[in-house]
Amino acid sequence: MPSRSVVSDVPFQPSRRTVLTSAAAGAALTGAGLRGASRAHAAQTKKGDPTRQVAYVSWEGADLVFGPFDRTVDYVDPHGTSTAPVSYDVATWTSPVVAPGFGLTELVASWNSTTPGGSWVEIRVRGTSAGTTTKDYVLGRWATKDPADGGGIHRTSLAGQGDTVATVFTDTLATRSGYTLTDWQLEVRLMRPHGTTDAPTVDLVGAMASALPDTKKVPRSANGPAGGTVLEVPTYSQEVHVGHYPQWDNGGEAWCSPTSTSMVVDYWGAGPTADETAWVDPAVDAQVDFTARNVFDYTYDGAGNWPFNTAYAATRGNLRGFVTRLRSLTEAEAFVAAGIPLVVSVSFKKGELTGAGYGTNGHLMVVVGFTESGDVVCNDPASHLLASNDQVRVTYDREEFENVWVPHSGGIVYVIHPADHALPTAPAQANW
């Protein structure tokens with residue numbers, strides 16, 4: 001396992017893990033370093049091309065008709081205590097082939113699933129490159145609960161899948177330099193323990209495909225429809241949880257994603273009950289610890305797997321969740337105007353985001369509103385590196401924020417909303 005690293009004034013390194021450095025004191029807080037190969041925000045379109053190609057497609061309801069459980073496979077949980085294989089009956093759904101109209105260089109899938117008993121789901125993708133169909137790449141093995149809580153397997157991404165065409169960086173399919181995919185196709189496998197009726201269900205599955213320009217700066221976007229709107233999203237600081245549960249990455253800087261996810265889930269009134277969080281000790285903002293446990297990726301060894309966070313959110317009440325990319329804060333304003341906060345992925349050096357008080361090689365926070373002038377109101381769980389929920393609500397300069405988000409993560413967002421709460425109207429090239 002790579003050693004933990006401290007990031008200060010260094011070039012951007014893609015990661016969902018938070019590594020923070022104090023701008024005020026100049027002292028570094030050791031956060032979580034990159035694990036395995038660096039995950040590429042691989043903008044492989046022509047250098048300088050301003051076009052941001054992003055397309056999201058999903059299926060739900062009657063479109064998700066699975067075949068019978070007509071074959072059996074054995075699986076050894078690499079993070080379990082036994083090396084004996086377990087037999088599972090398998091049912092499969094395969095999506096139509098999707099041609100987004102551009103040569104994609106990255107793809108992130110999302111799914112909403114429940115996995116009773118020992119069941120789980122596996123998500124795969126294949127595509128076409130230079131007229132040849134690729135192999136299948138595994139994008140996630142998901143179970144609602146971990147085995148210690150009654151689940152079937154330790155939920156996990158799959159490392160070591162790279163070939164000459166593409167690889168998978170935790171949750172993101174990324175093509176190699178010089179390669180693109182002209183289309184993609186998902187496959188979802190339902191896995192139930194052989195001889196049982198504990199079958200998973202899938203309510204939604206989709207994927208975001210993108211091809212992004214290699215630009216280090218974007219212009220300030222036009223103000224949108226959410227000026228003066230601030231959503232009442234509760235404020236939780238990840239710093240309150242420093243040292244919590246080493247088996248789920250020890251809280252603090254490593255928990256920006258579950259802290260952000262828990263804020264949005266609680267905004268929709270779908271957070272865990274006191275009975276569900278009775279195991280959390282200390283019990284301060286116990287929903288954050290609960291979320292970290294239930295999004296944890298045991299191969300990535302962290303709580304920052306993007307679709308694992310939205311998949312968890314979709315287990316709460318009637319929520320739906322998916323991952324996509326937005327092209328600008330103008331698009332983000334459409335969600336806030338519709339009453340939907342967004343979890344966003346950013347990175348920046350110290351001083352690049354005025355008022356943050358730290359630098360990070362990968363961080364999640366919640367966009368909850370916009371000022372009348374268009375600046376961004378955020379719930380930032382880093383809370384100025386102070387263990388205080390009162391420090392979480394921050395207003396950031398619009399242009400600065402856009403440039404630590406769009407060029408760095410490609411505009412990644414978690415969209416979490418009730419199934420009966422309408423999304424804003426999507427643009428012509430639909431990215432939601």
# chains A, B, ... in the order shown; residues from 1 in each chain; ligands from 1
>>> residues_around(residues="A:Phe335", least_positions_apart="6", cutoff="8 Å", atoms="only C-alpha atoms", output="number ranges by chain")
A: 341-342, 423-424
>>> residues_around(residues="A:Ser119", least_positions_apart="3", cutoff="10 Å", atoms="only C-alpha atoms", output="list in words")
Tyr88, Asp89, Thr114, Thr115, Pro116, Trp142, Ala143, Thr144, Lys145, Gly151, Gly152, Ile153, Leu190, Met191, Arg192, Pro193, His194, Thr196, Thr197, Asp198, Ala199, Pro200 and Thr201 of chain A
>>> write_last_selection(atoms="N, CA and C atoms", output="compact mmCIF listing (two decimals), in the first residue's frame")
# COMPACT_ATOMS: atom_id res chain seq x y z
N TYR A 88 -22.84 -18.58 -6.33
CA TYR A 88 -23.93 -17.63 -6.54
C TYR A 88 -24.66 -17.95 -7.83
N ASP A 89 -25.99 -17.87 -7.79
CA ASP A 89 -26.80 -17.90 -9.00
C ASP A 89 -26.79 -16.51 -9.61
N THR A 114 -30.93 -2.61 -4.12
CA THR A 114 -31.01 -3.18 -2.78
C THR A 114 -30.57 -4.63 -2.86
N THR A 115 -29.86 -5.08 -1.84
CA THR A 115 -29.24 -6.41 -1.87
C THR A 115 -29.57 -7.16 -0.59
N PRO A 116 -30.73 -7.79 -0.51
CA PRO A 116 -31.11 -8.48 0.73
C PRO A 116 -30.23 -9.69 1.02
N TRP A 142 -21.20 -4.39 -5.60
CA TRP A 142 -21.91 -3.59 -4.60
C TRP A 142 -22.80 -4.46 -3.71
N ALA A 143 -22.75 -4.22 -2.43
CA ALA A 143 -23.69 -4.77 -1.47
C ALA A 143 -24.10 -3.65 -0.53
N THR A 144 -25.39 -3.63 -0.17
CA THR A 144 -25.89 -2.55 0.67
C THR A 144 -25.21 -2.52 2.03
N LYS A 145 -24.97 -3.69 2.61
CA LYS A 145 -24.33 -3.78 3.93
C LYS A 145 -23.04 -4.57 3.83
N GLY A 151 -24.39 -8.27 5.43
CA GLY A 151 -24.28 -8.28 3.98
C GLY A 151 -23.51 -9.48 3.47
N GLY A 152 -23.55 -9.68 2.15
CA GLY A 152 -22.95 -10.86 1.56
C GLY A 152 -21.47 -10.75 1.28
N ILE A 153 -21.01 -9.58 0.82
CA ILE A 153 -19.60 -9.39 0.48
C ILE A 153 -19.16 -8.00 0.93
N LEU A 190 -27.00 -9.76 -11.27
CA LEU A 190 -27.57 -9.99 -9.95
C LEU A 190 -26.98 -11.29 -9.41
N MET A 191 -26.46 -11.24 -8.20
CA MET A 191 -25.79 -12.39 -7.59
C MET A 191 -26.54 -12.77 -6.31
N ARG A 192 -27.11 -13.97 -6.28
CA ARG A 192 -27.76 -14.44 -5.06
C ARG A 192 -27.10 -15.74 -4.62
N PRO A 193 -26.95 -15.96 -3.32
CA PRO A 193 -26.34 -17.20 -2.86
C PRO A 193 -27.09 -18.41 -3.41
N HIS A 194 -26.35 -19.36 -3.94
CA HIS A 194 -26.95 -20.53 -4.58
C HIS A 194 -27.93 -21.23 -3.65
N THR A 196 -30.79 -20.00 -2.58
CA THR A 196 -31.61 -19.10 -1.77
C THR A 196 -32.51 -18.27 -2.67
N THR A 197 -33.39 -17.50 -2.06
CA THR A 197 -34.24 -16.57 -2.81
C THR A 197 -33.86 -15.13 -2.52
N ASP A 198 -32.69 -14.92 -1.93
CA ASP A 198 -32.23 -13.55 -1.60
C ASP A 198 -31.72 -12.84 -2.85
N ALA A 199 -32.64 -12.36 -3.68
CA ALA A 199 -32.26 -11.75 -4.95
C ALA A 199 -32.18 -10.24 -4.85
N PRO A 200 -31.13 -9.63 -5.41
CA PRO A 200 -31.07 -8.16 -5.43
C PRO A 200 -32.12 -7.59 -6.38
N THR A 201 -32.43 -6.33 -6.19
CA THR A 201 -33.24 -5.58 -7.14
C THR A 201 -32.49 -4.34 -7.57
>>> residues_around(residues="A:Ala207", least_positions_apart="2", cutoff="7 Å", atoms="only C-alpha atoms", output="NGL selection string")
:A and (56-58 or 107-110 or 209)
>>> atom_distance(atom1="atom CA of A:Thr229", atom2="atom CA of A:Gly410")
24.8 Å
>>> select_by_dssp(residues="stretch 72-310 of chain A", states="strand (DSSP E or B)", output="PyMOL selection string")
chain A and resi 72-75+86-94+98+104+106-114+120-129+132-133+137-142+156+166-169+172-175+181+183-193+201-211+227+230+297+302
>>> write_last_selection(atoms="C-alpha atoms", output="compact mmCIF listing (two decimals), in the first residue's frame")
# COMPACT_ATOMS: atom_id res chain seq x y z
CA THR A 72 -23.83 -20.36 -11.19
CA VAL A 73 -20.44 -18.81 -10.47
CA ASP A 74 -18.06 -19.07 -7.53
CA TYR A 75 -16.64 -15.99 -5.82
CA VAL A 86 -19.15 -19.20 -2.33
CA SER A 87 -21.52 -20.21 -5.14
CA TYR A 88 -23.93 -17.63 -6.54
CA ASP A 89 -26.80 -17.90 -9.00
CA VAL A 90 -26.55 -15.18 -11.65
CA ALA A 91 -29.20 -13.21 -13.57
CA THR A 92 -28.19 -10.61 -16.14
CA TRP A 93 -29.48 -7.43 -17.76
CA THR A 94 -27.61 -5.91 -20.71
CA VAL A 98 -25.12 3.63 -26.63
CA LEU A 104 -15.42 9.06 -25.23
CA GLU A 106 -14.00 8.39 -19.63
CA LEU A 107 -17.11 6.69 -18.29
CA VAL A 108 -18.62 6.50 -14.80
CA ALA A 109 -21.58 4.20 -14.16
CA SER A 110 -24.19 4.62 -11.42
CA TRP A 111 -26.80 2.25 -10.02
CA ASN A 112 -29.54 2.15 -7.40
CA SER A 113 -29.93 -1.30 -5.89
CA THR A 114 -31.01 -3.18 -2.78
CA TRP A 120 -24.97 -8.38 -4.34
CA VAL A 121 -24.66 -6.82 -7.79
CA GLU A 122 -21.82 -6.42 -10.27
CA ILE A 123 -21.65 -3.66 -12.91
CA ARG A 124 -19.63 -4.13 -16.11
CA VAL A 125 -19.00 -2.09 -19.24
CA ARG A 126 -17.67 -2.84 -22.71
CA GLY A 127 -17.26 -0.62 -25.75
CA THR A 128 -15.96 -0.35 -29.28
CA SER A 129 -12.52 1.03 -30.10
CA THR A 132 -13.21 -3.82 -32.16
CA THR A 133 -15.22 -4.69 -29.07
CA TYR A 137 -14.36 -4.00 -17.38
CA VAL A 138 -15.82 -4.34 -13.88
CA LEU A 139 -16.97 -0.99 -12.47
CA GLY A 140 -18.11 -2.17 -9.07
CA ARG A 141 -19.25 -5.02 -6.85
CA TRP A 142 -21.91 -3.59 -4.60
CA THR A 156 -15.38 -3.23 -3.76
CA ALA A 166 -8.33 1.32 -21.31
CA THR A 167 -8.15 0.82 -17.57
CA VAL A 168 -10.36 1.39 -14.54
CA PHE A 169 -9.29 3.88 -11.89
CA THR A 172 -13.87 5.42 -13.72
CA LEU A 173 -13.20 3.72 -17.04
CA ALA A 174 -10.45 5.76 -18.73
CA THR A 175 -9.04 5.08 -22.19
CA LEU A 181 -14.58 4.44 -27.52
CA ASP A 183 -19.97 3.39 -28.00
CA TRP A 184 -20.56 1.65 -24.68
CA GLN A 185 -22.78 -1.03 -23.21
CA LEU A 186 -23.47 -1.87 -19.56
CA GLU A 187 -24.10 -5.28 -18.07
CA VAL A 188 -25.60 -5.73 -14.62
CA ARG A 189 -25.31 -9.07 -12.85
CA LEU A 190 -27.57 -9.99 -9.95
CA MET A 191 -25.79 -12.39 -7.59
CA ARG A 192 -27.76 -14.44 -5.06
CA PRO A 193 -26.34 -17.20 -2.86
CA THR A 201 -33.24 -5.58 -7.14
CA VAL A 202 -32.08 -2.71 -9.34
CA ASP A 203 -34.21 0.42 -9.68
CA LEU A 204 -31.92 2.52 -11.87
CA VAL A 205 -28.68 2.10 -13.77
CA GLY A 206 -26.89 4.48 -16.10
CA ALA A 207 -23.57 5.93 -17.13
CA MET A 208 -21.95 9.26 -17.89
CA ALA A 209 -19.57 9.29 -20.86
CA SER A 210 -17.28 12.23 -21.53
CA ALA A 211 -14.49 13.63 -23.67
CA GLY A 227 -29.18 33.89 -7.62
CA VAL A 230 -29.71 29.11 -0.48
CA ASP A 297 -14.78 0.54 -0.88
CA GLY A 302 -11.65 4.64 1.29
>>> closest_residue(among="A:Gly271, A:Pro85, A:Gly252, A:Pro258", to="A:Phe308", atoms="only C-alpha atoms")
A:Pro258
>>> select_by_dssp(residues="stretch 181-395 of chain A", states="alpha helix (DSSP H)", output="PyMOL selection string")
chain A and resi 256-267+286-295+306-313+329-337
>>> write_last_selection(atoms="C-alpha atoms", output="PDB file, in the first residue's frame")
ATOM      1  CA  CYS A 256     -15.233  14.441   2.912  1.00  0.00           C
ATOM      2  CA  SER A 257     -17.393  12.331   0.582  1.00  0.00           C
ATOM      3  CA  PRO A 258     -19.554  10.550   3.180  1.00  0.00           C
ATOM      4  CA  THR A 259     -19.875  13.784   5.156  1.00  0.00           C
ATOM      5  CA  SER A 260     -21.133  15.581   2.040  1.00  0.00           C
ATOM      6  CA  THR A 261     -23.427  12.700   1.130  1.00  0.00           C
ATOM      7  CA  SER A 262     -24.880  12.586   4.639  1.00  0.00           C
ATOM      8  CA  MET A 263     -25.640  16.314   4.510  1.00  0.00           C
ATOM      9  CA  VAL A 264     -27.680  15.888   1.330  1.00  0.00           C
ATOM     10  CA  VAL A 265     -29.427  12.703   2.506  1.00  0.00           C
ATOM     11  CA  ASP A 266     -30.421  14.482   5.717  1.00  0.00           C
ATOM     12  CA  TYR A 267     -31.613  17.503   3.722  1.00  0.00           C
ATOM     13  CA  ALA A 286     -23.461   9.696  13.952  1.00  0.00           C
ATOM     14  CA  GLN A 287     -25.025   9.763  10.474  1.00  0.00           C
ATOM     15  CA  VAL A 288     -21.581  10.631   9.065  1.00  0.00           C
ATOM     16  CA  ASP A 289     -19.963   7.517  10.562  1.00  0.00           C
ATOM     17  CA  PHE A 290     -22.946   5.465   9.365  1.00  0.00           C
ATOM     18  CA  THR A 291     -22.542   6.789   5.830  1.00  0.00           C
ATOM     19  CA  ALA A 292     -18.777   6.189   5.779  1.00  0.00           C
ATOM     20  CA  ARG A 293     -19.304   2.559   6.744  1.00  0.00           C
ATOM     21  CA  ASN A 294     -21.995   2.060   4.109  1.00  0.00           C
ATOM     22  CA  VAL A 295     -20.084   3.618   1.176  1.00  0.00           C
ATOM     23  CA  TRP A 306     -18.307   8.180  -6.370  1.00  0.00           C
ATOM     24  CA  PRO A 307     -21.056   5.726  -7.409  1.00  0.00           C
ATOM     25  CA  PHE A 308     -20.852   3.899  -4.083  1.00  0.00           C
ATOM     26  CA  ASN A 309     -21.922   7.169  -2.449  1.00  0.00           C
ATOM     27  CA  THR A 310     -24.900   7.662  -4.761  1.00  0.00           C
ATOM     28  CA  ALA A 311     -25.817   3.966  -4.507  1.00  0.00           C
ATOM     29  CA  TYR A 312     -25.896   4.296  -0.719  1.00  0.00           C
ATOM     30  CA  ALA A 313     -28.068   7.428  -0.937  1.00  0.00           C
ATOM     31  CA  LEU A 329     -21.955  26.581 -12.601  1.00  0.00           C
ATOM     32  CA  THR A 330     -24.777  27.803 -14.829  1.00  0.00           C
ATOM     33  CA  GLU A 331     -25.893  24.166 -15.058  1.00  0.00           C
ATOM     34  CA  ALA A 332     -25.411  23.757 -11.310  1.00  0.00           C
ATOM     35  CA  GLU A 333     -27.698  26.731 -10.705  1.00  0.00           C
ATOM     36  CA  ALA A 334     -30.512  24.920 -12.514  1.00  0.00           C
ATOM     37  CA  PHE A 335     -30.375  22.189  -9.860  1.00  0.00           C
ATOM     38  CA  VAL A 336     -30.298  24.615  -6.937  1.00  0.00           C
ATOM     39  CA  ALA A 337     -33.203  26.540  -8.444  1.00  0.00           C
TER      40      ALA A 337
END
>>> residues_around(residues="A:Ser347", least_positions_apart="4", cutoff="8 Å", atoms="only C-alpha atoms", output="PyMOL selection string")
chain A and resi 12+359-363+404-405+408-409
>>> write_last_selection(atoms="N, CA and C atoms", output="tab-separated table (two decimals), in the first residue's frame")
chain	number	residue	atom	x	y	z
A	12	PHE	N	-1.98	19.20	-9.63
A	12	PHE	CA	-3.15	18.39	-9.32
A	12	PHE	C	-2.89	16.91	-9.54
A	359	GLY	N	-5.27	23.49	1.18
A	359	GLY	CA	-5.15	22.98	-0.18
A	359	GLY	C	-5.47	21.50	-0.19
A	360	THR	N	-5.85	20.96	-1.31
A	360	THR	CA	-6.28	19.57	-1.37
A	360	THR	C	-6.04	18.97	-2.74
A	361	ASN	N	-5.67	17.68	-2.77
A	361	ASN	CA	-5.55	17.00	-4.06
A	361	ASN	C	-6.83	16.28	-4.43
A	362	GLY	N	-7.88	16.47	-3.67
A	362	GLY	CA	-9.17	15.88	-4.01
A	362	GLY	C	-10.12	16.02	-2.85
A	363	HIS	N	-11.26	16.65	-3.07
A	363	HIS	CA	-12.15	16.99	-1.97
A	363	HIS	C	-13.58	17.05	-2.49
A	404	VAL	N	-11.55	25.41	-9.80
A	404	VAL	CA	-11.03	24.30	-9.01
A	404	VAL	C	-11.92	23.07	-9.15
A	405	TRP	N	-13.00	23.22	-9.89
A	405	TRP	CA	-13.97	22.14	-10.10
A	405	TRP	C	-13.97	21.63	-11.54
A	408	HIS	N	-10.54	20.36	-13.10
A	408	HIS	CA	-9.83	19.39	-12.28
A	408	HIS	C	-10.54	18.05	-12.21
A	409	SER	N	-11.80	18.02	-11.79
A	409	SER	CA	-12.53	16.75	-11.79
A	409	SER	C	-13.36	16.58	-13.05
>>> closest_residue(among="A:His421, A:Asn305, A:Ser95, A:Gln391", to="A:Thr170", atoms="only C-alpha atoms")
A:Asn305
>>> atom_distance(atom1="atom CA of A:Asn431", atom2="atom CA of A:Val165")
24.5 Å
>>> residues_around(residues="A:Leu386", least_positions_apart="2", cutoff="9 Å", atoms="only C-alpha atoms", output="PyMOL selection string")
chain A and resi 237+239-240+382-384+388-389+391
>>> closest_residue(among="A:Pro407, A:Gly178, A:Pro96, A:Pro418", to="A:Arg316", atoms="only C-alpha atoms")
A:Pro418
>>> atom_distance(atom1="atom CA of A:Trp279", atom2="atom CA of A:Asp249")
17.1 Å
>>> residues_around(residues="A:Ala430", least_positions_apart="2", cutoff="8 Å", atoms="only C-alpha atoms", output="list in words")
Val54, Ala55, Tyr56, Val57, Ala426, Pro427, Ala428 and Trp432 of chain A
>>> write_last_selection(atoms="N, CA and C atoms", output="PDB file, in the first residue's frame")
ATOM      1  N   VAL A  54     -20.245  15.741 -22.809  1.00  0.00           N
ATOM      2  CA  VAL A  54     -20.724  14.956 -21.670  1.00  0.00           C
ATOM      3  C   VAL A  54     -22.126  14.450 -22.003  1.00  0.00           C
ATOM      4  N   ALA A  55     -22.339  13.146 -21.843  1.00  0.00           N
ATOM      5  CA  ALA A  55     -23.658  12.572 -22.127  1.00  0.00           C
ATOM      6  C   ALA A  55     -23.972  11.498 -21.094  1.00  0.00           C
ATOM      7  N   TYR A  56     -25.153  11.608 -20.487  1.00  0.00           N
ATOM      8  CA  TYR A  56     -25.600  10.647 -19.479  1.00  0.00           C
ATOM      9  C   TYR A  56     -26.848   9.944 -19.991  1.00  0.00           C
ATOM     10  N   VAL A  57     -26.874   8.622 -19.848  1.00  0.00           N
ATOM     11  CA  VAL A  57     -28.025   7.812 -20.251  1.00  0.00           C
ATOM     12  C   VAL A  57     -28.333   6.845 -19.123  1.00  0.00           C
ATOM     13  N   ALA A 426     -32.940  19.054 -18.963  1.00  0.00           N
ATOM     14  CA  ALA A 426     -31.569  18.809 -19.406  1.00  0.00           C
ATOM     15  C   ALA A 426     -31.277  19.550 -20.698  1.00  0.00           C
ATOM     16  N   PRO A 427     -30.000  19.859 -20.952  1.00  0.00           N
ATOM     17  CA  PRO A 427     -29.630  20.500 -22.215  1.00  0.00           C
ATOM     18  C   PRO A 427     -29.735  19.530 -23.382  1.00  0.00           C
ATOM     19  N   ALA A 428     -29.481  20.020 -24.595  1.00  0.00           N
ATOM     20  CA  ALA A 428     -29.625  19.192 -25.792  1.00  0.00           C
ATOM     21  C   ALA A 428     -28.721  17.965 -25.730  1.00  0.00           C
ATOM     22  N   TRP A 432     -27.860  14.790 -17.757  1.00  0.00           N
ATOM     23  CA  TRP A 432     -28.664  14.250 -16.646  1.00  0.00           C
ATOM     24  C   TRP A 432     -30.037  13.885 -17.175  1.00  0.00           C
TER      25      TRP A 432
END
>>> closest_residue(among="A:Thr134, A:Ser157, A:Thr215, A:Thr371", to="A:Tyr179", atoms="only C-alpha atoms")
A:Thr134
>>> decode(residues="stretch 227-263 of chain A", atoms="C-alpha atoms", output="PDB file, in the first residue's frame")
ATOM      1  CA  GLY A 227     -29.176  33.886  -7.619  1.00  0.00           C
ATOM      2  CA  GLY A 228     -30.232  34.649  -4.051  1.00  0.00           C
ATOM      3  CA  THR A 229     -31.298  31.038  -3.378  1.00  0.00           C
ATOM      4  CA  VAL A 230     -29.714  29.111  -0.484  1.00  0.00           C
ATOM      5  CA  LEU A 231     -31.062  25.661   0.377  1.00  0.00           C
ATOM      6  CA  GLU A 232     -31.301  24.716   4.053  1.00  0.00           C
ATOM      7  CA  VAL A 233     -28.877  21.806   3.938  1.00  0.00           C
ATOM      8  CA  PRO A 234     -27.571  20.826   7.402  1.00  0.00           C
ATOM      9  CA  THR A 235     -23.902  21.506   8.118  1.00  0.00           C
ATOM     10  CA  TYR A 236     -21.562  18.696   9.222  1.00  0.00           C
ATOM     11  CA  SER A 237     -17.803  18.954   9.658  1.00  0.00           C
ATOM     12  CA  GLN A 238     -15.623  15.999   8.713  1.00  0.00           C
ATOM     13  CA  GLU A 239     -13.060  17.285  11.222  1.00  0.00           C
ATOM     14  CA  VAL A 240     -15.412  16.320  14.076  1.00  0.00           C
ATOM     15  CA  HIS A 241     -14.711  12.690  13.117  1.00  0.00           C
ATOM     16  CA  VAL A 242     -10.903  12.649  13.200  1.00  0.00           C
ATOM     17  CA  GLY A 243      -9.741   9.255  14.465  1.00  0.00           C
ATOM     18  CA  HIS A 244     -13.116   7.556  14.109  1.00  0.00           C
ATOM     19  CA  TYR A 245     -13.170   3.923  12.939  1.00  0.00           C
ATOM     20  CA  PRO A 246      -9.717   3.133  11.497  1.00  0.00           C
ATOM     21  CA  GLN A 247     -11.219   0.169   9.620  1.00  0.00           C
ATOM     22  CA  TRP A 248     -13.135   2.700   7.503  1.00  0.00           C
ATOM     23  CA  ASP A 249     -10.203   5.078   7.017  1.00  0.00           C
ATOM     24  CA  ASN A 250     -10.066   6.858  10.341  1.00  0.00           C
ATOM     25  CA  GLY A 251     -12.459   9.760   9.755  1.00  0.00           C
ATOM     26  CA  GLY A 252     -11.286  13.337   9.386  1.00  0.00           C
ATOM     27  CA  GLU A 253      -9.772  14.305   6.056  1.00  0.00           C
ATOM     28  CA  ALA A 254     -10.669  10.939   4.511  1.00  0.00           C
ATOM     29  CA  TRP A 255     -14.394  11.427   5.083  1.00  0.00           C
ATOM     30  CA  CYS A 256     -15.233  14.441   2.912  1.00  0.00           C
ATOM     31  CA  SER A 257     -17.393  12.331   0.582  1.00  0.00           C
ATOM     32  CA  PRO A 258     -19.554  10.550   3.180  1.00  0.00           C
ATOM     33  CA  THR A 259     -19.875  13.784   5.156  1.00  0.00           C
ATOM     34  CA  SER A 260     -21.133  15.581   2.040  1.00  0.00           C
ATOM     35  CA  THR A 261     -23.427  12.700   1.130  1.00  0.00           C
ATOM     36  CA  SER A 262     -24.880  12.586   4.639  1.00  0.00           C
ATOM     37  CA  MET A 263     -25.640  16.314   4.510  1.00  0.00           C
TER      38      MET A 263
END
